[in-house]
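Undergrad: Dropping in query-v7.tsv, which is TSV, C-alpha atoms:
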```
chain	number	residue	atom	x	y	z
A	180	MET	CA	-65.46	-14.72	115.46
A	181	SER	CA	-63.02	-17.54	116.30
A	182	VAL	CA	-59.44	-16.96	117.39
A	183	ARG	CA	-58.22	-18.62	114.17
A	184	ALA	CA	-60.38	-16.29	112.06
A	185	GLU	CA	-59.02	-13.27	113.94
A	186	GLU	CA	-55.47	-14.50	113.38
A	187	SER	CA	-56.14	-15.02	109.66
A	188	ARG	CA	-57.56	-11.51	109.31
A	189	ALA	CA	-54.55	-10.01	111.12
A	190	ALA	CA	-52.17	-12.02	108.95
A	191	ARG	CA	-53.83	-10.77	105.74
A	192	ALA	CA	-53.62	-7.20	106.99
A	193	ALA	CA	-49.92	-7.63	107.71
A	194	GLY	CA	-49.27	-9.35	104.38
A	195	GLU	CA	-48.31	-12.59	106.14
A	196	PRO	CA	-49.52	-16.14	105.36
A	197	SER	CA	-52.82	-16.99	107.07
A	198	VAL	CA	-51.46	-20.48	107.79
A	199	ARG	CA	-48.05	-21.57	109.02
A	200	ARG	CA	-47.52	-24.97	107.39
A	201	VAL	CA	-49.23	-26.53	104.37
A	202	LEU	CA	-48.92	-29.58	102.19
A	203	LEU	CA	-49.17	-28.86	98.48
A	204	LYS	CA	-50.47	-31.80	96.43
A	205	LEU	CA	-49.62	-31.62	92.74
A	206	SER	CA	-50.87	-34.09	90.18
A	207	GLY	CA	-48.36	-35.43	87.69
A	208	GLU	CA	-50.46	-33.84	84.96
A	209	ALA	CA	-49.76	-30.44	86.53
A	210	LEU	CA	-46.14	-30.80	85.35
A	211	MET	CA	-47.05	-31.53	81.72
A	212	GLY	CA	-48.26	-28.09	80.70
A	213	ASP	CA	-49.60	-28.47	77.15
A	214	ARG	CA	-47.70	-31.69	76.54
A	215	ALA	CA	-49.32	-35.09	76.27
A	216	TYR	CA	-46.63	-36.80	78.33
A	217	GLY	CA	-43.62	-36.05	80.54
A	218	VAL	CA	-42.76	-32.62	81.90
A	219	ASP	CA	-42.87	-29.09	80.53
A	220	PRO	CA	-39.80	-27.11	81.73
A	221	GLY	CA	-41.67	-23.81	81.43
A	222	GLN	CA	-44.56	-25.08	83.55
A	223	ILE	CA	-42.19	-26.34	86.23
A	224	GLU	CA	-40.26	-23.07	86.29
A	225	SER	CA	-43.48	-21.08	86.74
A	226	LEU	CA	-44.60	-23.42	89.50
A	227	ALA	CA	-41.24	-23.26	91.27
A	228	ARG	CA	-41.22	-19.47	91.13
A	229	GLU	CA	-44.55	-19.23	92.91
A	230	ILE	CA	-43.76	-21.90	95.52
A	231	VAL	CA	-40.47	-20.21	96.40
A	232	ALA	CA	-42.25	-16.85	96.65
A	233	VAL	CA	-44.77	-18.09	99.25
A	234	HIS	CA	-42.02	-19.95	101.09
A	235	GLU	CA	-39.92	-16.80	101.33
A	236	GLY	CA	-43.00	-15.08	102.74
A	237	GLY	CA	-42.80	-17.29	105.83
A	238	LEU	CA	-44.83	-20.36	104.84
A	239	GLU	CA	-43.53	-23.85	105.63
A	240	VAL	CA	-44.15	-25.98	102.54
A	241	ALA	CA	-44.20	-29.73	102.00
A	242	LEU	CA	-45.10	-31.30	98.67
A	243	VAL	CA	-46.51	-34.57	97.36
A	244	ILE	CA	-46.42	-35.06	93.60
A	245	GLY	CA	-48.35	-37.62	91.59
A	246	ALA	CA	-47.11	-39.62	88.62
A	247	GLY	CA	-49.92	-39.33	86.08
A	248	ASN	CA	-47.60	-37.65	83.59
A	249	ILE	CA	-45.48	-40.83	83.46
A	250	VAL	CA	-47.49	-43.84	84.63
A	251	ARG	CA	-50.74	-44.58	86.43
A	252	GLY	CA	-50.83	-47.76	88.49
A	253	MET	CA	-54.55	-48.45	88.02
A	254	GLU	CA	-54.42	-47.87	84.27
A	255	ALA	CA	-51.38	-50.12	83.93
A	256	ALA	CA	-53.19	-52.78	85.97
A	257	ALA	CA	-56.22	-52.46	83.72
A	258	GLY	CA	-53.90	-53.16	80.79
A	259	GLY	CA	-52.89	-56.48	82.31
A	260	MET	CA	-49.98	-55.61	84.60
A	261	ASP	CA	-50.03	-56.96	88.14
A	262	ARG	CA	-51.59	-54.23	90.30
A	263	ALA	CA	-48.87	-54.24	92.96
A	264	THR	CA	-46.14	-54.09	90.31
A	265	ALA	CA	-47.96	-51.27	88.54
A	266	ASP	CA	-48.24	-49.31	91.77
A	267	TYR	CA	-44.53	-49.74	92.51
A	268	ALA	CA	-43.77	-48.42	89.02
A	269	GLY	CA	-45.94	-45.42	89.86
A	270	MET	CA	-44.01	-44.88	93.10
A	271	LEU	CA	-40.74	-44.77	91.16
A	272	ALA	CA	-42.29	-42.28	88.76
A	273	THR	CA	-43.12	-39.97	91.68
A	274	VAL	CA	-39.43	-40.04	92.63
A	275	LEU	CA	-38.55	-38.82	89.12
A	276	ASN	CA	-41.06	-35.98	89.44
A	277	ALA	CA	-39.84	-35.10	92.94
A	278	LEU	CA	-36.24	-34.78	91.71
A	279	THR	CA	-37.37	-32.63	88.78
A	280	VAL	CA	-39.27	-30.23	91.03
A	281	GLN	CA	-36.45	-30.24	93.59
A	282	ASP	CA	-34.00	-29.10	90.92
A	283	ALA	CA	-36.29	-26.27	89.81
A	284	LEU	CA	-36.79	-25.07	93.39
A	285	GLU	CA	-33.09	-25.16	94.24
A	286	ARG	CA	-32.16	-23.23	91.10
A	287	ARG	CA	-34.28	-20.46	92.61
A	288	GLY	CA	-32.34	-20.52	95.85
A	289	ALA	CA	-34.58	-22.75	97.97
A	290	GLN	CA	-33.24	-25.44	100.27
A	291	THR	CA	-35.07	-28.71	99.77
A	292	ARG	CA	-35.03	-32.35	100.81
A	293	VAL	CA	-36.65	-35.29	99.04
A	294	GLN	CA	-37.83	-38.03	101.37
A	295	SER	CA	-38.89	-41.32	99.82
A	296	ALA	CA	-41.12	-44.01	101.27
A	297	ILE	CA	-39.11	-46.62	99.34
A	298	THR	CA	-35.32	-46.91	99.54
A	299	VAL	CA	-33.46	-44.90	96.90
A	300	ALA	CA	-30.56	-43.85	99.12
A	301	GLU	CA	-28.45	-42.38	96.32
A	302	VAL	CA	-31.00	-39.66	95.48
A	303	ALA	CA	-33.32	-39.22	98.47
A	304	GLU	CA	-33.51	-39.55	102.23
A	305	PRO	CA	-35.71	-42.25	103.73
A	306	TYR	CA	-38.98	-40.92	105.08
A	307	ILE	CA	-38.58	-40.15	108.78
A	308	ARG	CA	-41.34	-38.07	110.31
A	309	ARG	CA	-39.28	-36.20	112.91
A	310	ARG	CA	-36.57	-35.43	110.38
A	311	ALA	CA	-39.16	-34.05	107.96
A	312	ILE	CA	-40.57	-31.76	110.64
A	313	ARG	CA	-37.09	-30.59	111.56
A	314	HIS	CA	-36.34	-29.75	107.92
A	315	LEU	CA	-39.50	-27.64	107.78
A	316	GLU	CA	-38.59	-25.88	111.01
A	317	LYS	CA	-35.17	-25.06	109.54
A	318	GLY	CA	-36.75	-23.40	106.54
A	319	ARG	CA	-36.33	-26.25	104.05
A	320	MET	CA	-39.04	-27.50	101.75
A	321	VAL	CA	-39.69	-31.24	101.91
A	322	ILE	CA	-40.89	-33.26	98.93
A	323	PHE	CA	-42.44	-36.59	99.88
A	324	ALA	CA	-41.93	-39.20	97.15
A	325	ALA	CA	-43.06	-42.79	96.52
A	326	GLY	CA	-46.51	-42.35	98.04
A	327	THR	CA	-47.03	-44.32	101.22
A	328	GLY	CA	-44.51	-46.94	100.13
A	329	ASN	CA	-47.30	-49.50	99.74
A	330	PRO	CA	-49.27	-50.62	96.68
A	331	PHE	CA	-53.05	-50.11	96.50
A	332	PHE	CA	-52.76	-46.60	97.99
A	333	THR	CA	-52.84	-43.42	95.93
A	334	THR	CA	-50.72	-40.29	96.24
A	335	ASP	CA	-53.91	-38.60	97.50
A	336	THR	CA	-53.82	-40.89	100.52
A	337	ALA	CA	-50.09	-40.22	100.88
A	338	ALA	CA	-50.78	-36.48	100.87
A	339	ALA	CA	-53.44	-36.78	103.59
A	340	LEU	CA	-51.23	-39.07	105.69
A	341	ARG	CA	-48.12	-36.90	105.44
A	342	ALA	CA	-50.14	-33.75	106.13
A	343	LEU	CA	-51.36	-35.29	109.38
A	344	GLU	CA	-47.92	-36.56	110.35
A	345	ILE	CA	-46.20	-33.20	109.95
A	346	GLY	CA	-49.03	-31.17	111.45
A	347	ALA	CA	-49.96	-29.28	108.28
A	348	GLU	CA	-52.84	-26.85	108.75
A	349	ALA	CA	-54.24	-27.41	105.26
A	350	ILE	CA	-53.84	-29.40	102.07
A	351	LEU	CA	-53.65	-27.39	98.86
A	352	MET	CA	-54.70	-29.43	95.82
A	353	ALA	CA	-53.70	-27.82	92.54
A	354	LYS	CA	-55.75	-29.04	89.56
A	355	ASN	CA	-54.78	-28.67	85.93
A	356	GLY	CA	-57.37	-26.66	83.98
A	357	VAL	CA	-60.17	-26.98	86.57
A	358	GLU	CA	-61.32	-24.09	88.77
A	359	GLY	CA	-62.19	-26.32	91.73
A	360	VAL	CA	-64.78	-29.00	92.51
A	361	TYR	CA	-67.86	-29.49	90.31
A	362	ASP	CA	-70.88	-31.76	90.72
A	363	GLY	CA	-69.84	-33.44	87.46
A	364	ASP	CA	-66.95	-33.50	85.02
A	365	PRO	CA	-66.86	-30.00	83.45
A	366	GLN	CA	-64.78	-31.30	80.55
A	367	VAL	CA	-67.60	-33.68	79.62
A	368	ASP	CA	-70.74	-32.06	81.07
A	369	SER	CA	-71.24	-28.40	80.15
A	370	ASN	CA	-73.97	-28.18	82.81
A	371	ALA	CA	-71.68	-29.22	85.67
A	372	VAL	CA	-72.07	-26.79	88.58
A	373	PHE	CA	-69.09	-25.33	90.43
A	374	LEU	CA	-69.16	-25.96	94.20
A	375	PRO	CA	-67.35	-23.25	96.18
A	376	GLU	CA	-67.69	-25.02	99.53
A	377	LEU	CA	-68.67	-28.44	100.87
A	378	THR	CA	-67.86	-30.82	103.70
A	379	HIS	CA	-65.64	-33.88	103.58
A	380	LEU	CA	-68.68	-36.09	104.14
A	381	GLU	CA	-70.58	-34.48	101.26
A	382	ALA	CA	-67.63	-35.09	98.96
A	383	ILE	CA	-67.57	-38.76	100.00
A	384	GLU	CA	-71.33	-39.33	99.81
A	385	ARG	CA	-71.69	-37.62	96.44
A	386	GLY	CA	-68.73	-39.48	94.99
A	387	LEU	CA	-67.04	-36.29	93.84
A	388	LYS	CA	-63.66	-36.82	92.19
A	389	VAL	CA	-61.61	-34.72	94.60
A	390	MET	CA	-59.49	-37.25	96.46
A	391	ASP	CA	-60.01	-40.94	97.05
A	392	THR	CA	-62.30	-41.96	99.89
A	393	THR	CA	-59.47	-43.03	102.18
A	394	ALA	CA	-57.81	-39.63	101.90
A	395	LEU	CA	-61.06	-37.74	102.43
A	396	SER	CA	-61.88	-39.85	105.50
A	397	LEU	CA	-58.48	-39.14	107.03
A	398	CYS	CA	-58.95	-35.42	106.51
A	399	MET	CA	-62.51	-35.50	107.86
A	400	ASP	CA	-61.59	-37.44	111.00
A	401	ASN	CA	-58.72	-35.06	111.75
A	402	ASN	CA	-60.35	-31.80	110.61
A	403	VAL	CA	-57.83	-30.95	107.88
A	404	PRO	CA	-59.28	-28.51	105.33
A	405	ILE	CA	-58.62	-29.10	101.63
A	406	TYR	CA	-58.34	-26.23	99.17
A	407	VAL	CA	-58.96	-27.35	95.59
A	408	PHE	CA	-58.01	-24.78	92.97
A	409	GLU	CA	-56.77	-24.30	89.44
A	410	LEU	CA	-53.03	-24.37	88.93
A	411	ALA	CA	-52.88	-20.83	87.58
A	412	GLU	CA	-50.27	-18.19	88.31
A	413	GLY	CA	-50.90	-16.39	91.60
A	414	ASN	CA	-53.46	-18.81	93.03
A	415	ILE	CA	-51.17	-20.38	95.61
A	416	GLU	CA	-50.18	-16.96	96.90
A	417	ARG	CA	-53.81	-15.87	97.07
A	418	ILE	CA	-54.88	-18.93	99.06
A	419	VAL	CA	-52.13	-18.70	101.66
A	420	ALA	CA	-52.94	-14.99	102.02
A	421	GLY	CA	-56.47	-15.96	103.06
A	422	GLU	CA	-58.40	-15.24	99.85
A	423	ARG	CA	-61.25	-17.46	98.70
A	424	VAL	CA	-60.03	-19.32	95.63
A	425	GLY	CA	-61.52	-22.48	94.20
A	426	THR	CA	-63.33	-24.91	96.51
A	427	ILE	CA	-62.89	-25.31	100.26
A	428	ILE	CA	-63.62	-28.73	101.74
A	429	SER	CA	-63.89	-28.73	105.53
A	430	THR	CA	-65.91	-30.14	108.40
A	431	PRO	CA	-67.40	-27.69	110.95
A	432	GLU	CA	-66.86	-28.60	114.59
A	433	ALA	CA	-70.59	-29.11	115.12
A	434	GLY	CA	-70.70	-31.58	112.24
A	435	ARG	CA	-67.83	-33.61	113.64
A	436	VAL	CA	-69.45	-33.76	117.08
A	437	ALA	CA	-72.77	-34.84	115.56
A	438	GLY	CA	-71.01	-37.51	113.53
A	439	ARG	CA	-69.34	-38.97	116.60
A	440	ALA	CA	-72.62	-38.90	118.53
A	441	GLY	CA	-74.42	-40.72	115.74
A	442	ALA	CA	-71.75	-43.41	115.60
A	443	ALA	CA	-71.99	-43.87	119.37
A	444	ARG	CA	-75.77	-44.49	119.43
A	445	PRO	CA	-76.70	-48.04	120.47
A	446	GLU	CA	-78.79	-48.64	117.36
A	447	ASN	CA	-75.84	-47.72	115.12
A	448	GLN	CA	-73.44	-49.87	117.11
A	449	GLY	CA	-75.84	-52.77	116.87
A	450	ALA	CA	-76.09	-52.31	113.12
A	451	ALA	CA	-72.31	-52.38	112.87
A	452	ARG	CA	-72.24	-55.78	114.53
```
Please go through the file and, once you have read it, give me the structure as C-alpha cells.
TA:
Amino acid sequence: MSVRAEESRAARAAGEPSVRRVLLKLSGEALMGDRAYGVDPGQIESLAREIVAVHEGGLEVALVIGAGNIVRGMEAAAGGMDRATADYAGMLATVLNALTVQDALERRGAQTRVQSAITVAEVAEPYIRRRAIRHLEKGRMVIFAAGTGNPFFTTDTAAALRALEIGAEAILMAKNGVEGVYDGDPQVDSNAVFLPELTHLEAIERGLKVMDTTALSLCMDNNVPIYVFELAEGNIERIVAGERVGTIISTPEAGRVAGRAGAARPENQGAAR
C-alpha cells in the first residue's frame, strides 16, 4: 500500500479530510435548483452550509463557478454573437455567481476572497497566484472568477489551471442531477452505463462529457485526480473523508510512464513531424 493510501486511511479513522487542499468546480446550473434560470437561494444556502462544514474540518477549499445559469458563451455565439464577446459576457456572469456564493459563505462565518482574471477592482481582487495560496494557508476560501481571463477557454479549463497553480490535490466536480460519469447521456439514453472509474485518457478518447479536452489533458499530464459526483447533500463531505462517491478519473503512475515512453519512440516522433 502506498504512503498516500496509508495517510488517507489514517485520516478517515481520525475523522480528518483525506486531502489537504481541493478545488471545487461548480456548474452555473448547480446554483439554479429547480429554476429554469438564475439562482435558487435555498440551493445556495444548502451548498454553502456543506462547503463551510468541510472547510471547518480542516480542508483548504478553492472554487471555480460556471455561468450556465446566466449565459453560455458557445450558445450565444451560435445565436450570432461574436464568440469572443460572448465569452467575455460569460466571464462577467461568473463574477456575479462568485459574489453570490461568497455572500452565502460569509453569512455562515467563513472568510473568503474572490479573485478575478479580469479587472473588476471594486468587487474582487485581481488573480495573483501567490496571494491566492496565502489566502488558503490563512484559512480563507478563494473563489476564482472570470475563467482564465481569455475567450475560447471554458471554466473547466480554468478549474484545471487554477488547481495546478495552487497545488490542489484533487478537483471535485459537482454535477446537477447526475450521479457521475456515464458512457452516454442518462437523461436521453436509458441504457447509459455508469462508470465508477476511468483514466483521463479514456475520458478523452471516448469523448465523454466530463470536462473539455484541454482541461482533461492538463489534469492527465500533471496527475490531478477528478472526482465527478452528484450535487446532493453530504456528498462533498463523503468524498473528502475518503469515501467512494460518483466517478474517479485518474491516471496510474505506470500509465503515465508508458505514455511518455510511447511519445518518445522514434517512430512516434517521426510521425509527429
Undergrad: When distances are computed from only C-alpha atoms, which of A:Ala339, A:Leu210, A:Ala324, A:Ala289 shows the smallest separation from A:Val302?
TA: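 Among A:Ala339, A:Leu210, A:Ala324, A:Ala289, it is A:Ala324 that comes nearest to A:Val302.
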Undergrad: Using all atoms listed in the file, pick whichever of A:Pro404, A:Gly363, A:Gly326, A:Gly386 has the shortest atom-to-atom distance to A:Leu343.
TA: A:Pro404
Undergrad: For a test of reading the model, state the distance in Å between atom CA of A:Thr336 and atom CA of A:Arg214, rounded to one decimal.
TA: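 Taking atom CA of A:Thr336 as the start and atom CA of A:Arg214 as the end point, the length is 26.4 Å.
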Undergrad: Could you check the closest approach to A:Thr273 for each of A:Leu238, A:Leu202, A:Ala303, A:Ile230 and tell me which residue wins, using only C-alpha atoms?
TA: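 Residue with the minimum atom-to-atom distance to A:Thr273: A:Ala303.
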Undergrad: Between atom CA of A:Val407 and atom CA of A:Gln281, what is the spacing in Å?
TA: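 Atom CA of A:Gln281 sits 22.8 Å away from atom CA of A:Val407.
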Undergrad: Please identify every residue of stretch 309-417 of chain A that has at least one atom no farther than 10 Å from an atom of stretch 260-266 of chain A, counting only C-alpha atoms, and for each give the shortest atom pair and the distance in Å to one decimal, arranged by chain then increasing number, as a Markdown table.
TA:
```
| residue | atom | partner | partner_atom | distance |
| --- | --- | --- | --- | --- |
| A:Ala325 | CA | A:Asp266 | CA | 9.6 |
| A:Gly326 | CA | A:Asp266 | CA | 9.5 |
| A:Gly328 | CA | A:Asp266 | CA | 9.5 |
| A:Asn329 | CA | A:Asp266 | CA | 8.0 |
| A:Pro330 | CA | A:Asp266 | CA | 5.2 |
| A:Phe331 | CA | A:Asp266 | CA | 6.8 |
| A:Phe332 | CA | A:Asp266 | CA | 8.2 |
| A:Thr333 | CA | A:Asp266 | CA | 8.6 |
```
Undergrad: Draw an axis-aligned box tight on the listed atoms of stretch 326-334 of chain A, then pad every side by 5 Å and write out centre and edge lengths in Å to one decimal as lines of an AutoDock Vina configuration file.
TA:
```
center_x = -48.8
center_y = -45.5
center_z = 98.6
size_x = 18.5
size_y = 20.3
size_z = 15.3
```
Undergrad: Find the residues around stretch 220-229 of chain A up to 7 Å (all atoms listed in the file counted), leave out those fewer than 2 positions away in its own chain, and share them as a short mmCIF file (atom, residue, chain, number, x, y, z; two decimals) with C-alpha atoms, in the coordinates of the input.
TA:
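Everything below was put into out-v2.cif:
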```cif
data_model
loop_
_atom_site.label_atom_id
_atom_site.label_comp_id
_atom_site.auth_asym_id
_atom_site.auth_seq_id
_atom_site.Cartn_x
_atom_site.Cartn_y
_atom_site.Cartn_z
CA LEU A 210 -46.14 -30.80 85.35
CA GLY A 212 -48.26 -28.09 80.70
CA VAL A 218 -42.76 -32.62 81.90
CA VAL A 231 -40.47 -20.21 96.40
CA ALA A 232 -42.25 -16.85 96.65
CA VAL A 233 -44.77 -18.09 99.25
CA VAL A 280 -39.27 -30.23 91.03
CA ALA A 283 -36.29 -26.27 89.81
CA LEU A 284 -36.79 -25.07 93.39
#
```
Undergrad: Taking into account only C-alpha atoms, which residue in the set A:Ala311, A:Ala241, A:Met352, A:Leu275 is nearest to A:Val299?
TA: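 Answer, going by the shortest atom-to-atom distance: A:Leu275.
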Undergrad: Within 7 Å of stretch 244-246 of chain A, counting only C-alpha atoms, which residues show up once you throw out same-chain ones fewer than 5 positions away? Write them as a PyMOL selection string, please.
TA: chain A and resi 204-207+251+269+272-273+276-277+334
Undergrad: Taking (-32.4, -25.0, 99.7) in the file's own coordinates, collect the residues within 12 Å, counting only C-alpha atoms, and hand them back as a list in words.
TA: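 Taken together, the residues in range are Val231, His234, Glu235, Gln281, Asp282, Ala283, Leu284, Glu285, Arg286, Arg287, Gly288, Ala289, Gln290, Thr291, Arg292, Val293, His314, Leu315, Lys317, Gly318, Arg319, Met320, Val321 and Ile322 of chain A.
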Undergrad: Record the distance separating atom CA of A:Ile249 and atom CA of A:Asp364, expressed in Å with one decimal.
TA: 22.7 Å
Undergrad: Got a sec: who's within 7 Å of A:Glu348, counting all atoms listed in the file, leaving out chain neighbours fewer than 4 positions off, as a ChimeraX atom specification?
TA: /A:198,200-201,403
Undergrad: Using only C-alpha atoms, which of A:Ala337, A:Gln294, A:Ile427, A:Leu374 sits nearest A:Asp391?
TA: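 Closest to A:Asp391, using only C-alpha atoms: A:Ala337.
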Undergrad: Taking all atoms listed in the file into account, which of A:Gly413, A:Pro375, A:Gly258, A:Gly217 comes nearest A:Gly359?
TA: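 Ranking A:Gly413, A:Pro375, A:Gly258, A:Gly217 by distance to A:Gly359, first place goes to A:Pro375.
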Undergrad: Mind rebuilding stretch 320-330 of chain A with all heavy atoms and writing that out as a CSV table (one decimal), keeping the file's coordinate frame?
TA:
```csv
chain,number,residue,atom,x,y,z
A,320,MET,N,-37.8,-26.9,102.3
A,320,MET,CA,-39.0,-27.5,101.8
A,320,MET,C,-38.8,-29.0,101.7
A,320,MET,O,-37.7,-29.4,101.3
A,320,MET,CB,-39.4,-26.9,100.4
A,320,MET,CG,-40.1,-25.6,100.4
A,320,MET,SD,-40.6,-25.0,98.8
A,320,MET,CE,-39.2,-24.0,98.4
A,321,VAL,N,-39.8,-29.8,102.0
A,321,VAL,CA,-39.7,-31.2,101.9
A,321,VAL,C,-40.6,-31.8,100.9
A,321,VAL,O,-41.8,-31.4,100.8
A,321,VAL,CB,-40.0,-31.9,103.3
A,321,VAL,CG1,-39.8,-33.4,103.2
A,321,VAL,CG2,-39.1,-31.3,104.4
A,322,ILE,N,-40.1,-32.6,100.0
A,322,ILE,CA,-40.9,-33.3,98.9
A,322,ILE,C,-41.0,-34.7,99.3
A,322,ILE,O,-40.0,-35.4,99.4
A,322,ILE,CB,-40.2,-33.1,97.5
A,322,ILE,CG1,-40.0,-31.6,97.3
A,322,ILE,CG2,-41.1,-33.7,96.5
A,322,ILE,CD1,-39.2,-31.4,96.0
A,323,PHE,N,-42.2,-35.2,99.5
A,323,PHE,CA,-42.4,-36.6,99.9
A,323,PHE,C,-42.7,-37.4,98.6
A,323,PHE,O,-43.6,-37.1,97.9
A,323,PHE,CB,-43.6,-36.7,100.8
A,323,PHE,CG,-43.5,-36.0,102.1
A,323,PHE,CD1,-44.3,-35.0,102.5
A,323,PHE,CD2,-42.5,-36.4,103.0
A,323,PHE,CE1,-44.2,-34.3,103.7
A,323,PHE,CE2,-42.3,-35.7,104.2
A,323,PHE,CZ,-43.1,-34.7,104.6
A,324,ALA,N,-41.8,-38.4,98.4
A,324,ALA,CA,-41.9,-39.2,97.2
A,324,ALA,C,-42.3,-40.6,97.5
A,324,ALA,O,-42.2,-41.1,98.6
A,324,ALA,CB,-40.6,-39.2,96.4
A,325,ALA,N,-42.7,-41.4,96.4
A,325,ALA,CA,-43.1,-42.8,96.5
A,325,ALA,C,-44.3,-43.1,97.3
A,325,ALA,O,-44.5,-44.2,97.9
A,325,ALA,CB,-41.9,-43.6,97.1
A,326,GLY,N,-45.2,-42.1,97.4
A,326,GLY,CA,-46.5,-42.4,98.0
A,326,GLY,C,-46.4,-42.8,99.5
A,326,GLY,O,-45.6,-42.2,100.2
A,327,THR,N,-47.1,-43.8,99.9
A,327,THR,CA,-47.0,-44.3,101.2
A,327,THR,C,-46.0,-45.4,101.3
A,327,THR,O,-45.7,-45.9,102.4
A,327,THR,CB,-48.4,-44.9,101.7
A,327,THR,OG1,-48.7,-46.0,100.9
A,327,THR,CG2,-49.5,-43.9,101.6
A,328,GLY,N,-45.4,-45.8,100.1
A,328,GLY,CA,-44.5,-46.9,100.1
A,328,GLY,C,-45.2,-48.3,100.0
A,328,GLY,O,-44.5,-49.3,100.0
A,329,ASN,N,-46.5,-48.3,99.8
A,329,ASN,CA,-47.3,-49.5,99.7
A,329,ASN,C,-48.2,-49.5,98.5
A,329,ASN,O,-48.8,-48.4,98.2
A,329,ASN,CB,-48.2,-49.7,101.0
A,329,ASN,CG,-47.4,-49.7,102.2
A,329,ASN,OD1,-46.7,-50.7,102.5
A,329,ASN,ND2,-47.5,-48.7,103.0
A,330,PRO,N,-48.3,-50.6,97.8
A,330,PRO,CA,-49.3,-50.6,96.7
A,330,PRO,C,-50.7,-50.5,97.2
A,330,PRO,O,-51.0,-50.7,98.4
A,330,PRO,CB,-49.0,-52.0,96.0
A,330,PRO,CG,-48.4,-52.8,97.1
A,330,PRO,CD,-47.7,-51.9,98.0
```
